[in-house]
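Visitor: File follows, start-v6.cif with mmCIF, C-alpha atoms:
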data_run
loop_
_atom_site.label_atom_id
_atom_site.label_comp_id
_atom_site.auth_asym_id
_atom_site.auth_seq_id
_atom_site.Cartn_x
_atom_site.Cartn_y
_atom_site.Cartn_z
CA MET A 1 -32.40 5.00 -3.31
CA LYS A 2 -30.33 1.85 -3.57
CA LEU A 3 -27.09 1.73 -1.62
CA VAL A 4 -24.57 -1.04 -2.26
CA TYR A 5 -21.50 -1.88 -0.23
CA ARG A 6 -19.55 -5.04 -0.99
CA GLU A 7 -22.19 -7.80 -1.22
CA ARG A 8 -24.83 -5.91 0.77
CA GLU A 9 -27.70 -3.67 -0.32
CA TRP A 10 -29.87 -1.11 1.44
CA GLU A 11 -32.95 0.86 0.36
CA LEU A 12 -32.97 4.38 1.80
CA ARG A 13 -35.17 7.37 1.19
CA GLY A 14 -33.78 10.21 -0.92
CA GLY A 15 -33.00 13.65 0.47
CA LEU A 16 -30.00 12.57 2.56
CA THR A 17 -26.41 13.56 1.95
CA ALA A 18 -24.09 10.69 1.08
CA ARG A 19 -22.31 11.26 4.38
CA ALA A 20 -25.55 10.90 6.35
CA ALA A 21 -26.46 7.77 4.37
CA ILE A 22 -23.05 6.21 5.09
CA LYS A 23 -23.44 6.88 8.80
CA LYS A 24 -27.01 5.61 8.77
CA ILE A 25 -25.87 2.17 7.64
CA GLY A 26 -23.11 2.15 10.25
CA LEU A 27 -20.05 2.79 8.09
CA ASP A 28 -17.26 5.31 8.56
CA PRO A 29 -17.26 8.09 5.91
CA GLU A 30 -13.45 8.11 6.03
CA ALA A 31 -13.30 4.48 4.95
CA VAL A 32 -15.45 4.61 1.80
CA LEU A 33 -15.73 6.51 -1.47
CA VAL A 34 -19.12 7.33 -2.97
CA VAL A 35 -19.98 6.47 -6.56
CA ARG A 36 -23.40 7.85 -7.54
CA ASN A 37 -24.86 6.65 -10.83
CA GLY A 38 -21.36 5.68 -11.96
CA GLN A 39 -19.68 8.97 -10.96
CA LEU A 40 -17.32 9.52 -8.04
CA VAL A 41 -18.77 12.29 -5.84
CA THR A 42 -17.94 13.99 -2.54
CA ASP A 43 -19.87 12.93 0.55
CA ASP A 44 -21.77 16.22 0.89
CA THR A 45 -23.70 15.28 -2.28
CA LEU A 46 -27.45 15.18 -1.80
CA LEU A 47 -28.81 11.81 -2.87
CA ASN A 48 -32.08 11.50 -4.78
CA GLU A 49 -34.73 8.81 -4.55
CA ALA A 50 -33.78 7.34 -7.95
CA ASP A 51 -30.01 7.26 -7.34
CA GLU A 52 -27.94 4.12 -7.37
CA VAL A 53 -25.08 4.54 -4.96
CA LYS A 54 -22.09 2.25 -4.65
CA LEU A 55 -19.78 2.63 -1.67
CA ILE A 56 -16.20 1.63 -2.36
CA ALA A 57 -14.13 0.41 0.59
CA VAL A 58 -10.74 2.08 0.62
CA ILE A 59 -8.97 0.05 3.30
CA SER A 60 -6.61 -2.63 2.18
CA GLY A 61 -4.64 -4.73 4.56
CA GLY A 62 -1.82 -7.15 5.08
CA VAL A 63 0.83 -4.49 5.38
CA GLY A 64 3.44 -7.14 6.15
CA GLY A 65 3.87 -7.69 2.44
CA SER A 66 6.19 -5.52 0.52
CA GLY A 67 9.41 -4.28 1.97
CA HIS A 68 10.24 -3.98 5.62
CA SER A 69 7.64 -1.29 6.11
CA GLN A 70 7.11 -2.31 9.69
CA GLY A 71 10.74 -1.73 10.43
CA ARG A 72 11.10 -5.48 10.68
CA LEU A 73 14.38 -6.78 9.49
CA GLU A 74 13.94 -10.50 9.48
CA LEU A 75 16.19 -11.54 6.64
CA MET B 1 -18.78 20.65 -3.41
CA LYS B 2 -16.85 22.39 -6.16
CA CYS B 3 -13.33 21.94 -7.46
CA LYS B 4 -11.06 24.60 -5.97
CA ARG B 5 -9.30 25.03 -9.32
CA CYS B 6 -12.11 25.08 -11.93
CA ARG B 7 -15.36 25.22 -9.88
CA GLY B 8 -16.61 22.06 -11.61
CA PRO B 9 -18.08 19.20 -9.52
CA ALA B 10 -15.46 17.82 -7.11
CA VAL B 11 -14.81 14.06 -6.89
CA ILE B 12 -12.82 14.22 -3.67
CA ASN B 13 -12.56 16.45 -0.64
CA MET B 14 -9.19 16.12 1.10
CA ARG B 15 -10.10 17.58 4.45
CA GLN B 16 -6.54 17.45 5.78
CA HIS B 17 -5.45 19.74 2.94
CA LYS B 18 -8.73 21.73 2.83
CA LEU B 19 -8.77 20.90 -0.84
CA ALA B 20 -11.63 19.61 -3.02
CA LEU B 21 -10.85 18.77 -6.66
CA CYS B 22 -12.53 17.48 -9.81
CA GLY B 23 -11.21 14.31 -11.51
CA GLU B 24 -8.87 16.12 -13.87
CA HIS B 25 -7.35 18.43 -11.27
CA PHE B 26 -7.15 15.68 -8.66
CA THR B 27 -5.16 13.53 -11.11
CA GLU B 28 -2.78 16.42 -11.76
CA TRP B 29 -2.48 17.14 -8.03
CA LEU B 30 -1.74 13.52 -7.06
CA ILE B 31 0.97 13.16 -9.71
CA SER B 32 2.59 16.43 -8.71
CA TYR B 33 2.35 15.64 -4.95
CA THR B 34 4.03 12.28 -5.59
CA GLU B 35 6.74 13.90 -7.69
CA ARG B 36 7.43 16.41 -4.92
CA ALA B 37 7.71 13.58 -2.36
CA ILE B 38 10.20 11.75 -4.61
CA GLU B 39 12.32 14.91 -4.87
CA LYS B 40 12.00 16.13 -1.30
CA TYR B 41 13.01 12.79 0.19
CA SER B 42 15.66 12.12 -2.51
CA MET B 43 14.07 8.76 -3.30
CA PHE B 44 15.55 8.36 -6.78
CA GLU B 45 16.47 10.35 -9.84
CA ARG B 46 15.55 10.28 -13.47
CA GLY B 47 17.47 7.51 -15.18
CA ASP B 48 17.58 5.30 -12.07
CA ARG B 49 16.21 1.81 -12.68
CA LEU B 50 13.30 1.04 -10.38
CA LEU B 51 11.80 -2.30 -9.49
CA LEU B 52 8.16 -1.79 -8.53
CA ALA B 53 6.45 -4.44 -6.41
CA VAL B 54 2.92 -4.90 -7.78
CA SER B 55 0.09 -6.88 -6.23
CA GLY B 56 -2.81 -6.03 -8.55
CA GLY B 57 -4.19 -3.72 -5.85
CA LYS B 58 -5.05 -0.04 -6.19
CA ASP B 59 -1.87 1.37 -4.64
CA SER B 60 0.72 -0.49 -6.67
CA LEU B 61 -1.14 -0.14 -9.99
CA ALA B 62 -1.74 3.57 -9.37
CA LEU B 63 1.94 4.04 -8.52
CA TRP B 64 2.94 2.16 -11.66
CA GLU B 65 0.86 4.54 -13.78
CA VAL B 66 2.20 7.62 -11.99
CA LEU B 67 5.86 6.55 -12.29
CA LEU B 68 5.45 5.72 -15.98
CA GLY B 69 3.69 9.04 -16.54
CA LEU B 70 6.56 10.88 -14.86
CA GLY B 71 8.93 9.17 -17.27
CA HIS B 72 10.77 6.96 -14.80
CA ASP B 73 12.53 3.78 -15.83
CA VAL B 74 10.35 1.29 -13.96
CA GLU B 75 9.86 -2.45 -14.25
CA ALA B 76 7.22 -4.20 -12.18
CA LEU B 77 7.51 -7.48 -10.33
CA TYR B 78 4.52 -9.65 -9.46
CA ILE B 79 5.16 -12.40 -6.93
CA ASP B 80 2.72 -15.27 -7.36
CA LEU B 81 2.32 -16.65 -3.85
CA GLY B 82 -0.32 -19.26 -4.66
CA ILE B 83 -2.97 -17.85 -2.33
CA ASP B 84 -6.18 -19.86 -1.90
CA ASP B 85 -5.60 -22.65 -4.34
CA GLU B 86 -4.10 -19.98 -6.54
CA GLN B 87 -7.50 -18.40 -7.25
CA TYR B 88 -6.79 -15.12 -5.46
CA SER B 89 -3.26 -15.01 -6.87
CA GLU B 90 -4.53 -15.74 -10.37
CA GLU B 91 -7.11 -12.95 -10.19
CA SER B 92 -4.49 -10.53 -8.88
CA LYS B 93 -2.05 -11.49 -11.61
CA ALA B 94 -4.78 -11.02 -14.23
CA LYS B 95 -5.23 -7.41 -13.03
CA VAL B 96 -1.50 -6.81 -13.43
CA GLU B 97 -1.53 -8.34 -16.92
CA ARG B 98 -4.56 -6.29 -17.95
CA PHE B 99 -3.00 -3.08 -16.69
CA ALA B 100 0.28 -3.78 -18.51
CA ALA B 101 -1.50 -4.69 -21.76
CA GLY B 102 -3.19 -1.29 -21.87
CA LYS B 103 -0.18 0.81 -20.97
CA GLU B 104 2.77 1.58 -23.16
CA GLY B 105 6.11 0.75 -21.54
CA ALA B 106 4.56 -1.25 -18.67
CA ALA B 107 6.98 -4.16 -18.46
CA PHE B 108 6.76 -6.74 -15.69
CA SER B 109 8.06 -10.10 -14.63
CA VAL B 110 6.49 -12.80 -12.49
CA VAL B 111 8.08 -15.03 -9.90
CA ASN B 112 5.95 -18.03 -9.01
CA VAL B 113 6.90 -19.14 -5.50
CA LYS B 114 5.76 -22.74 -5.91
CA SER B 115 7.42 -23.40 -9.26
CA THR B 116 10.62 -21.61 -8.20
CA TYR B 117 11.02 -22.96 -4.68
CA GLY B 118 8.78 -26.05 -4.60
CA LYS B 119 5.99 -24.88 -2.27
CA SER B 120 3.42 -22.11 -2.20
CA VAL B 121 3.27 -19.79 0.81
CA LEU B 122 0.15 -21.58 2.03
CA GLU B 123 1.85 -24.96 1.86
CA LEU B 124 4.75 -23.48 3.80
CA ALA B 125 2.34 -22.12 6.41
CA GLN B 126 0.74 -25.52 6.83
CA GLU B 127 4.17 -27.00 7.39
CA LYS B 128 5.36 -24.28 9.76
CA ARG B 129 2.56 -24.38 12.25
CA GLY B 130 2.50 -21.42 14.53
CA ARG B 131 3.70 -18.99 11.86
CA LYS B 132 1.10 -16.69 10.45
CA VAL B 133 0.58 -16.68 6.69
CA CYS B 134 1.05 -12.87 6.55
CA SER B 135 4.41 -13.08 8.29
CA LEU B 136 5.63 -15.84 5.94
CA CYS B 137 4.27 -13.93 2.98
CA GLY B 138 6.19 -10.80 4.03
CA LEU B 139 9.42 -12.72 4.47
CA VAL B 140 9.11 -14.50 1.11
CA LYS B 141 8.27 -11.27 -0.72
CA ARG B 142 11.15 -9.35 0.90
CA HIS B 143 13.62 -12.06 -0.10
CA ILE B 144 12.42 -12.35 -3.69
CA MET B 145 12.20 -8.60 -4.25
CA ASN B 146 15.68 -8.12 -2.90
CA ARG B 147 17.07 -10.98 -5.00
CA ILE B 148 15.49 -9.71 -8.22
CA ALA B 149 16.62 -6.14 -7.49
CA TYR B 150 20.20 -7.28 -6.87
CA GLU B 151 20.38 -9.64 -9.85
CA GLY B 152 18.77 -7.11 -12.17
CA GLY B 153 20.95 -4.21 -11.05
CA PHE B 154 18.01 -2.03 -9.97
CA THR B 155 18.70 1.18 -8.05
CA ALA B 156 15.75 0.79 -5.72
CA ILE B 157 12.61 -1.19 -4.94
CA ALA B 158 9.48 0.98 -4.98
CA THR B 159 6.31 -0.08 -3.15
CA GLY B 160 2.81 1.39 -3.07
CA HIS B 161 2.60 1.92 0.71
CA ASN B 162 0.35 4.87 1.53
CA LEU B 163 0.04 7.03 4.65
CA ASP B 164 -2.66 4.79 6.15
CA ASP B 165 -0.34 1.78 5.84
CA GLU B 166 2.48 3.68 7.50
CA ALA B 167 0.30 5.20 10.24
CA ALA B 168 -1.18 1.78 11.10
CA VAL B 169 2.29 0.27 11.43
CA LEU B 170 3.47 3.23 13.49
CA PHE B 171 0.46 2.78 15.77
CA GLN B 172 1.24 -0.92 16.12
CA ASN B 173 4.91 -0.33 16.89
CA ALA B 174 4.17 2.56 19.26
CA LEU B 175 1.64 0.49 21.22
CA ARG B 176 4.48 -1.88 22.05
CA TRP B 177 7.25 0.77 22.04
CA GLN B 178 9.28 -1.34 19.68
CA THR B 179 12.13 1.13 19.43
CA GLY B 180 14.12 -0.81 16.83
CA TYR B 181 11.13 -0.99 14.48
CA LEU B 182 10.26 2.65 15.18
CA ALA B 183 13.80 3.70 14.37
CA ARG B 184 13.71 1.96 10.99
CA GLN B 185 10.21 2.82 9.75
CA ALA B 186 10.74 5.34 6.95
CA PRO B 187 9.66 6.40 3.46
CA VAL B 188 13.20 5.72 2.27
CA LEU B 189 15.16 2.75 3.55
CA PRO B 190 18.76 3.20 2.51
CA THR B 191 20.89 0.26 1.61
CA THR B 192 23.13 -0.90 4.46
CA HIS B 193 24.75 -3.85 2.68
CA PRO B 194 25.97 -4.32 -0.91
CA HIS B 195 23.30 -7.00 -1.48
CA LEU B 196 20.45 -5.11 0.20
CA ALA B 197 18.35 -2.96 -2.14
CA ARG B 198 17.27 0.55 -1.25
CA LYS B 199 13.49 0.80 -0.70
CA VAL B 200 11.26 3.77 -1.41
CA LYS B 201 7.57 4.56 -0.90
CA PRO B 202 6.55 7.45 -3.16
CA PHE B 203 2.89 7.35 -1.97
CA PHE B 204 3.72 7.59 1.74
CA ARG B 205 2.08 11.04 2.13
CA LEU B 206 -1.18 10.03 0.39
CA TYR B 207 -4.24 8.84 2.25
CA GLU B 208 -5.57 5.48 1.16
CA ARG B 209 -8.83 7.09 -0.01
CA GLU B 210 -6.76 9.23 -2.37
CA THR B 211 -5.01 6.29 -4.04
CA ALA B 212 -8.39 4.52 -4.31
CA ALA B 213 -9.97 7.67 -5.80
CA TYR B 214 -7.09 7.98 -8.28
CA ALA B 215 -7.63 4.36 -9.39
CA LEU B 216 -11.37 5.01 -9.84
CA VAL B 217 -10.91 8.29 -11.70
CA ARG B 218 -8.30 6.78 -13.99
CA GLY B 219 -10.34 3.63 -14.62
CA ILE B 220 -7.66 1.34 -13.24
CA ASP B 221 -9.12 -2.13 -12.82
CA TYR B 222 -7.64 -3.35 -9.53
CA ILE B 223 -8.30 -6.29 -7.25
CA TYR B 224 -10.95 -4.97 -4.90
CA ASP B 225 -11.26 -7.88 -2.50
CA GLU B 226 -8.71 -8.24 0.18
CA CYS B 227 -6.34 -11.14 0.39
CA PRO B 228 -8.49 -13.74 2.22
CA HIS B 229 -5.73 -14.12 4.81
CA SER B 230 -5.69 -10.45 5.73
CA VAL B 231 -9.34 -10.47 6.84
CA GLY B 232 -9.31 -9.58 10.54
CA ALA B 233 -5.65 -8.55 10.35
CA THR B 234 -4.51 -6.27 13.15
CA THR B 235 -3.31 -3.60 10.74
CA ILE B 236 -6.83 -3.36 9.26
CA PHE B 237 -8.26 -2.88 12.75
CA TYR B 238 -5.70 -0.13 13.45
CA LYS B 239 -6.60 1.55 10.16
CA GLU B 240 -10.25 1.55 11.19
CA LEU B 241 -9.36 3.10 14.55
CA LEU B 242 -7.24 5.78 12.88
CA ASN B 243 -10.07 6.53 10.46
CA GLN B 244 -12.43 7.06 13.40
CA LEU B 245 -9.90 9.50 14.78
CA GLU B 246 -9.63 11.22 11.40
CA GLU B 247 -13.42 11.52 11.21
CA ARG B 248 -13.37 13.41 14.51
CA SER B 249 -10.18 15.34 13.91
CA ARG B 250 -9.27 16.33 10.37
CA GLY B 251 -5.63 15.58 9.51
CA ALA B 252 -5.04 13.36 12.56
CA LYS B 253 -3.48 10.49 10.57
CA GLN B 254 -1.20 12.80 8.63
CA GLN B 255 -0.10 14.59 11.78
CA PHE B 256 0.51 11.34 13.65
CA TYR B 257 2.84 9.92 11.00
CA LEU B 258 4.56 13.00 9.58
CA SER B 259 5.14 14.51 13.04
CA PHE B 260 6.67 11.22 14.13
CA LEU B 261 9.14 11.38 11.23
CA ARG B 262 10.06 14.96 12.16
CA ALA B 263 10.37 14.20 15.86
CA ARG B 264 12.62 11.26 15.17
CA ASP B 265 14.71 12.64 12.33
CA SER B 266 15.28 16.19 13.54
CA GLN B 267 14.33 16.34 17.20
CA GLY B 268 16.14 13.31 18.56
CA LEU B 269 13.12 11.21 19.55
CA LEU B 270 15.06 7.97 19.16
CA ARG B 271 18.76 7.23 19.35
CA PRO B 272 20.12 6.98 15.76
CA GLU B 273 22.18 3.89 16.60
CA LEU B 274 18.92 1.94 16.98
CA THR B 275 18.83 1.79 13.16
CA GLU B 276 22.14 -0.02 13.07
CA VAL B 277 21.84 -3.74 12.52
CA GLU B 278 24.82 -5.93 11.84
CA LEU B 279 24.31 -7.85 8.61
CA GLY B 280 26.23 -10.87 7.43
CA GLU B 281 25.65 -12.96 4.33
CA CYS B 282 23.62 -16.15 4.13
CA GLU B 283 25.90 -19.12 3.44
CA LYS B 284 23.39 -20.57 1.01
CA CYS B 285 21.94 -17.68 -1.04
CA GLY B 286 24.37 -14.85 -0.24
CA GLN B 287 21.63 -12.42 0.73
CA PRO B 288 22.12 -10.21 3.77
CA THR B 289 20.97 -11.63 7.06
CA THR B 290 21.06 -10.94 10.77
CA ALA B 291 21.34 -14.67 11.43
CA PRO B 292 24.72 -16.40 11.82
CA VAL B 293 24.54 -19.10 9.08
CA LEU B 294 21.39 -19.22 6.96
CA CYS B 295 18.99 -16.36 6.34
CA ALA B 296 15.39 -16.63 7.56
CA PHE B 297 14.21 -17.35 4.02
CA CYS B 298 16.62 -20.26 3.43
CA ARG B 299 15.78 -21.69 6.87
CA LEU B 300 12.15 -21.91 5.74
CA TRP B 301 13.03 -24.55 3.18
CA GLU B 302 15.21 -26.67 5.43
CA VAL B 303 13.77 -30.16 5.88
CA LYS B 304 13.53 -31.07 9.54
#
Could the structure of this file be written out as structure tokens, please?
Guide:
Amino acid sequence: MKLVYREREWELRGGLTARAAIKKIGLDPEAVLVVRNGQLVTDDTLLNEADEVKLIAVISGGVGGSGHSQGRLEL
Amino acid sequence: MKCKRCRGPAVINMRQHKLALCGEHFTEWLISYTERAIEKYSMFERGDRLLLAVSGGKDSLALWEVLLGLGHDVEALYIDLGIDDEQYSEESKAKVERFAAGKEGAAFSVVNVKSTYGKSVLELAQEKRGRKVCSLCGLVKRHIMNRIAYEGGFTAIATGHNLDDEAAVLFQNALRWQTGYLARQAPVLPTTHPHLARKVKPFFRLYERETAAYALVRGIDYIYDECPHSVGATTIFYKELLNQLEERSRGAKQQFYLSFLRARDSQGLLRPELTEVELGECEKCGQPTTAPVLCAFCRLWEVK
């Protein structure tokens, strides 16, 4: 199966759960969502040889941005 | 895994709630969970005018859709910072425009930092060596949001901060025991000066993977790539650490942040007077400031 995360691609054998596949390529299951053949699925989904799987990163950064979320009050 | 409500295929498993849901029921759940947070924390009421800070990212666009769907009077504000020769900012703005074009009642305004004040945030950062872009960016955004909220007579500024954002900041502040920051970190920041807008974070109980899943399920086209200046940011590293903890211990992030709020607000963890900051008014722009003459924003533009 083809696994894509950001600009990178992996070829893995089918028969793994999405969670196992995520761990196998060294990512944290908490930090990605799994889209199999265009459908969002849970990470216990068993992946088949012919599947195309896209992992979507969920972390976004630069919290300093909007509002004084950090409790900072530099005004 | 099956949806707990209809037994159809689930799209998300929220381990901290022991709840797996299909796309339709997850959408319903997220909207209702947000509505309950707005009510429980008395963020705002129907009829209040809200200014929503939008970046083109998943959180702010998802919040925009949820607030509109709940029938709130919301107007969005996009601040064009001029990031990376404006390419990143242009792409982000295009996402905001596309979202608004496809949504009835989605009104927004744009403030371009360079054309309004003469320099982009990056140009400012080059001039102010030693100041990080993210810190300047935060200061500029806070000032502009507050100005627009005050001038436009908005009741509150809403932002798309999620629980991961809040937990990462809490972790950062707790590592240094910054008691002043810890005292003021909250889902609702009340106004403490006639020119200082109230701030609210309706998504503060949602995990980041939930706001991302909502955007995917709803087909919201958001800017996926991070701001190039946030790559390697400390808050991202803290989020990764907290996710590792969550992977080992279901609900750890939620417990860390929500228990902190309870311990502080009802169990006397921090002295309440730590939240008190004396605010004056900037002699140039009139906005509230802790500084004696000019606010931090106006000082940025002073020619040395």
Visitor: What does the PyMOL selection byres ((chain A and resi 49-54) around 6) select in this file, as a list in words?
Guide: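 What the PyMOL selection byres ((chain A and resi 49-54) around 6) grabs from the file is Met1, Lys2, Leu3, Val4, Arg13, Gly14, Val35, Arg36, Asn37, Asn48 and Leu55 of chain A.
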Visitor: Which residue gives the smallest distance to Gly38 of chain A among A:Ile56, A:Leu16, A:Glu7, A:Ile22, with only C-alpha atoms counted?
Guide: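 Under the stated criterion, the closest residue is A:Ile56.
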Visitor: Evaluating the PyMOL selection byres ((chain B and resi 269-281) around 12) on the displayed file yields which residues, as JSON, numbers by chain?
Guide: {"A": [71, 72, 73, 74, 75], "B": [177, 178, 179, 180, 181, 182, 183, 184, 185, 186, 189, 190, 191, 192, 193, 194, 195, 196, 259, 260, 261, 262, 263, 264, 265, 266, 267, 268, 282, 283, 284, 285, 286, 287, 288, 289, 290, 291, 292, 293, 294, 295, 296, 298]}
Visitor: Check which residues satisfy the PyMOL selection byres ((chain B and resi 14) around 12) in the file shown, then give them as a PyMOL selection string.
Guide: (chain A and resi 30+33+42-43) or (chain B and resi 1+3-4+10-13+15-22+26+29-30+206-211+213+246-247+250-251+254)
Visitor: So the first atom is atom CA of Tyr238 of chain B and the second is atom CA of Ala168 of chain B; what is the distance between them in Å, to one decimal place?
Guide: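 Value for the atom CA of Tyr238 of chain B-atom CA of Ala168 of chain B distance: 5.4 Å.
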Visitor: For chain B, which residue among A:Val58, A:Val34, A:Ala18, A:Leu27 is the nearest when counting all atoms listed in the file?
Guide: A:Val58
Visitor: Pick out the closest residue to chain A from this set: B:Ala252, B:Ala53, B:Leu77, B:Leu68. Count all atoms listed in the file.
Guide: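 Of the candidates, the smallest distance to chain A is held by B:Ala53.
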Visitor: Between A:Leu47, A:Ala57, A:Gln39, A:Arg8, single out the one closest to Ala21 of chain A, counting only C-alpha atoms.
Guide: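 The shortest atom-to-atom distance to Ala21 of chain A comes from A:Leu47.
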Visitor: Starting from the point (11.7, -15.5, -9.5), work out which residues of protein, DNA or RNA have an atom no more than 10 Å away when counting all atoms listed in the file; state them as a list of chain:residue names.
Guide: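 Selection result: B:Leu77, B:Tyr78, B:Ile79, B:Asp80, B:Ser109, B:Val110, B:Val111, B:Asn112, B:Val113, B:Ser115, B:Thr116, B:Tyr117, B:Ile144, B:Met145, B:Arg147, B:Ile148.
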Visitor: Find the spatial neighbours of Ser55 of chain B, counting all atoms listed in the file, within a cut-off of 10 Å - ignore same-chain residues fewer than 6 positions away - and output them as an MDAnalysis selection string.
Guide: (chainID A and resid 65:66) or (chainID B and resid 61 76:80 89 92:93 95:96 159:160 222:223)
Visitor: Report, in Å with one decimal, the straight-line distance from atom CA of Lys253 of chain B to atom CA of Val54 of chain B.
Guide: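 Atom-to-atom, atom CA of Lys253 of chain B and atom CA of Val54 of chain B are spaced 24.8 Å apart.
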Visitor: What is the atom CA of Ile38 of chain B-atom CA of Val32 of chain A distance in Å, reported with one decimal?
Guide: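 Result for atom CA of Ile38 of chain B versus atom CA of Val32 of chain A: 27.4 Å, one decimal.
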Visitor: Here is a test: counting only C-alpha atoms, which residue of B:Ala100, B:Val188, B:Ala62, B:Leu124 is nearest to chain A?
Guide: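 Looking at the shortest contact to chain A, the residue is B:Val188.
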Visitor: In terms of the shortest atom-to-atom distance over all atoms listed in the file, which of B:Thr155, B:Ser249, B:Gln244, B:Thr34 is closest to chain A?
Guide: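 Closest to chain A of all the choices is B:Gln244.
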Visitor: Set up a box along x, y and z of the file covering all listed atoms of segment 32-38 of chain A, add 3 Å on every one of the six sides, and write the centre and edge lengths in Å to one decimal, as JSON.
Guide:
{"center_x": -20.2, "center_y": 6.2, "center_z": -5.1, "size_x": 15.4, "size_y": 9.2, "size_z": 19.8}
Visitor: Could you list, as an MDAnalysis selection string, every residue within 10 Å of Glu127 of chain B, counting only C-alpha atoms and ignoring same-chain residues fewer than 5 positions away?
Guide: chainID B and resid 121:122 300
Visitor: May I have the residues within 12 Å of Ala125 of chain B as a compact mmCIF listing (two decimals) with C-alpha atoms, in the coordinates of the input, using only C-alpha atoms and disregarding those fewer than 2 positions away in the same chain?
Guide:
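As a result, result_5.txt now contains:
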# COMPACT_ATOMS: atom_id res chain seq x y z
CA LEU B 81 2.32 -16.65 -3.85
CA GLY B 82 -0.32 -19.26 -4.66
CA ILE B 83 -2.97 -17.85 -2.33
CA LYS B 119 5.99 -24.88 -2.27
CA SER B 120 3.42 -22.11 -2.20
CA VAL B 121 3.27 -19.79 0.81
CA LEU B 122 0.15 -21.58 2.03
CA GLU B 123 1.85 -24.96 1.86
CA GLU B 127 4.17 -27.00 7.39
CA LYS B 128 5.36 -24.28 9.76
CA ARG B 129 2.56 -24.38 12.25
CA GLY B 130 2.50 -21.42 14.53
CA ARG B 131 3.70 -18.99 11.86
CA LYS B 132 1.10 -16.69 10.45
CA VAL B 133 0.58 -16.68 6.69
CA CYS B 134 1.05 -12.87 6.55
CA SER B 135 4.41 -13.08 8.29
CA LEU B 136 5.63 -15.84 5.94
CA CYS B 137 4.27 -13.93 2.98
CA LEU B 139 9.42 -12.72 4.47
CA VAL B 140 9.11 -14.50 1.11
CA HIS B 229 -5.73 -14.12 4.81
CA LEU B 300 12.15 -21.91 5.74
CA TRP B 301 13.03 -24.55 3.18
Visitor: Rebuild N, CA and C atoms on segment 238-249 of chain B, as an mmCIF file, keeping the file's coordinate frame?
Guide:
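Result file is out-v1.cif:
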data_model
loop_
_atom_site.group_PDB
_atom_site.id
_atom_site.type_symbol
_atom_site.label_atom_id
_atom_site.label_comp_id
_atom_site.auth_asym_id
_atom_site.auth_seq_id
_atom_site.Cartn_x
_atom_site.Cartn_y
_atom_site.Cartn_z
ATOM 1 N N TYR B 238 -6.347 -1.411 13.103
ATOM 2 C CA TYR B 238 -5.700 -0.130 13.450
ATOM 3 C C TYR B 238 -6.071 0.954 12.434
ATOM 4 N N LYS B 239 -6.189 0.569 11.172
ATOM 5 C CA LYS B 239 -6.600 1.550 10.160
ATOM 6 C C LYS B 239 -8.006 2.052 10.455
ATOM 7 N N GLU B 240 -8.875 1.140 10.873
ATOM 8 C CA GLU B 240 -10.250 1.550 11.190
ATOM 9 C C GLU B 240 -10.259 2.509 12.380
ATOM 10 N N LEU B 241 -9.439 2.209 13.377
ATOM 11 C CA LEU B 241 -9.360 3.100 14.550
ATOM 12 C C LEU B 241 -8.853 4.486 14.141
ATOM 13 N N LEU B 242 -7.818 4.493 13.311
ATOM 14 C CA LEU B 242 -7.240 5.780 12.880
ATOM 15 C C LEU B 242 -8.233 6.559 12.021
ATOM 16 N N ASN B 243 -9.047 5.840 11.251
ATOM 17 C CA ASN B 243 -10.070 6.530 10.460
ATOM 18 C C ASN B 243 -11.144 7.158 11.352
ATOM 19 N N GLN B 244 -11.464 6.479 12.446
ATOM 20 C CA GLN B 244 -12.430 7.060 13.400
ATOM 21 C C GLN B 244 -11.866 8.351 13.982
ATOM 22 N N LEU B 245 -10.575 8.311 14.251
ATOM 23 C CA LEU B 245 -9.900 9.500 14.780
ATOM 24 C C LEU B 245 -9.917 10.630 13.735
ATOM 25 N N GLU B 246 -9.650 10.252 12.506
ATOM 26 C CA GLU B 246 -9.630 11.220 11.400
ATOM 27 C C GLU B 246 -11.003 11.860 11.201
ATOM 28 N N GLU B 247 -12.037 11.047 11.370
ATOM 29 C CA GLU B 247 -13.420 11.520 11.210
ATOM 30 C C GLU B 247 -13.713 12.622 12.239
ATOM 31 N N ARG B 248 -13.174 12.419 13.451
ATOM 32 C CA ARG B 248 -13.370 13.410 14.510
ATOM 33 C C ARG B 248 -12.423 14.601 14.371
ATOM 34 N N SER B 249 -11.212 14.309 13.912
ATOM 35 C CA SER B 249 -10.180 15.340 13.910
ATOM 36 C C SER B 249 -9.446 15.335 12.571
#
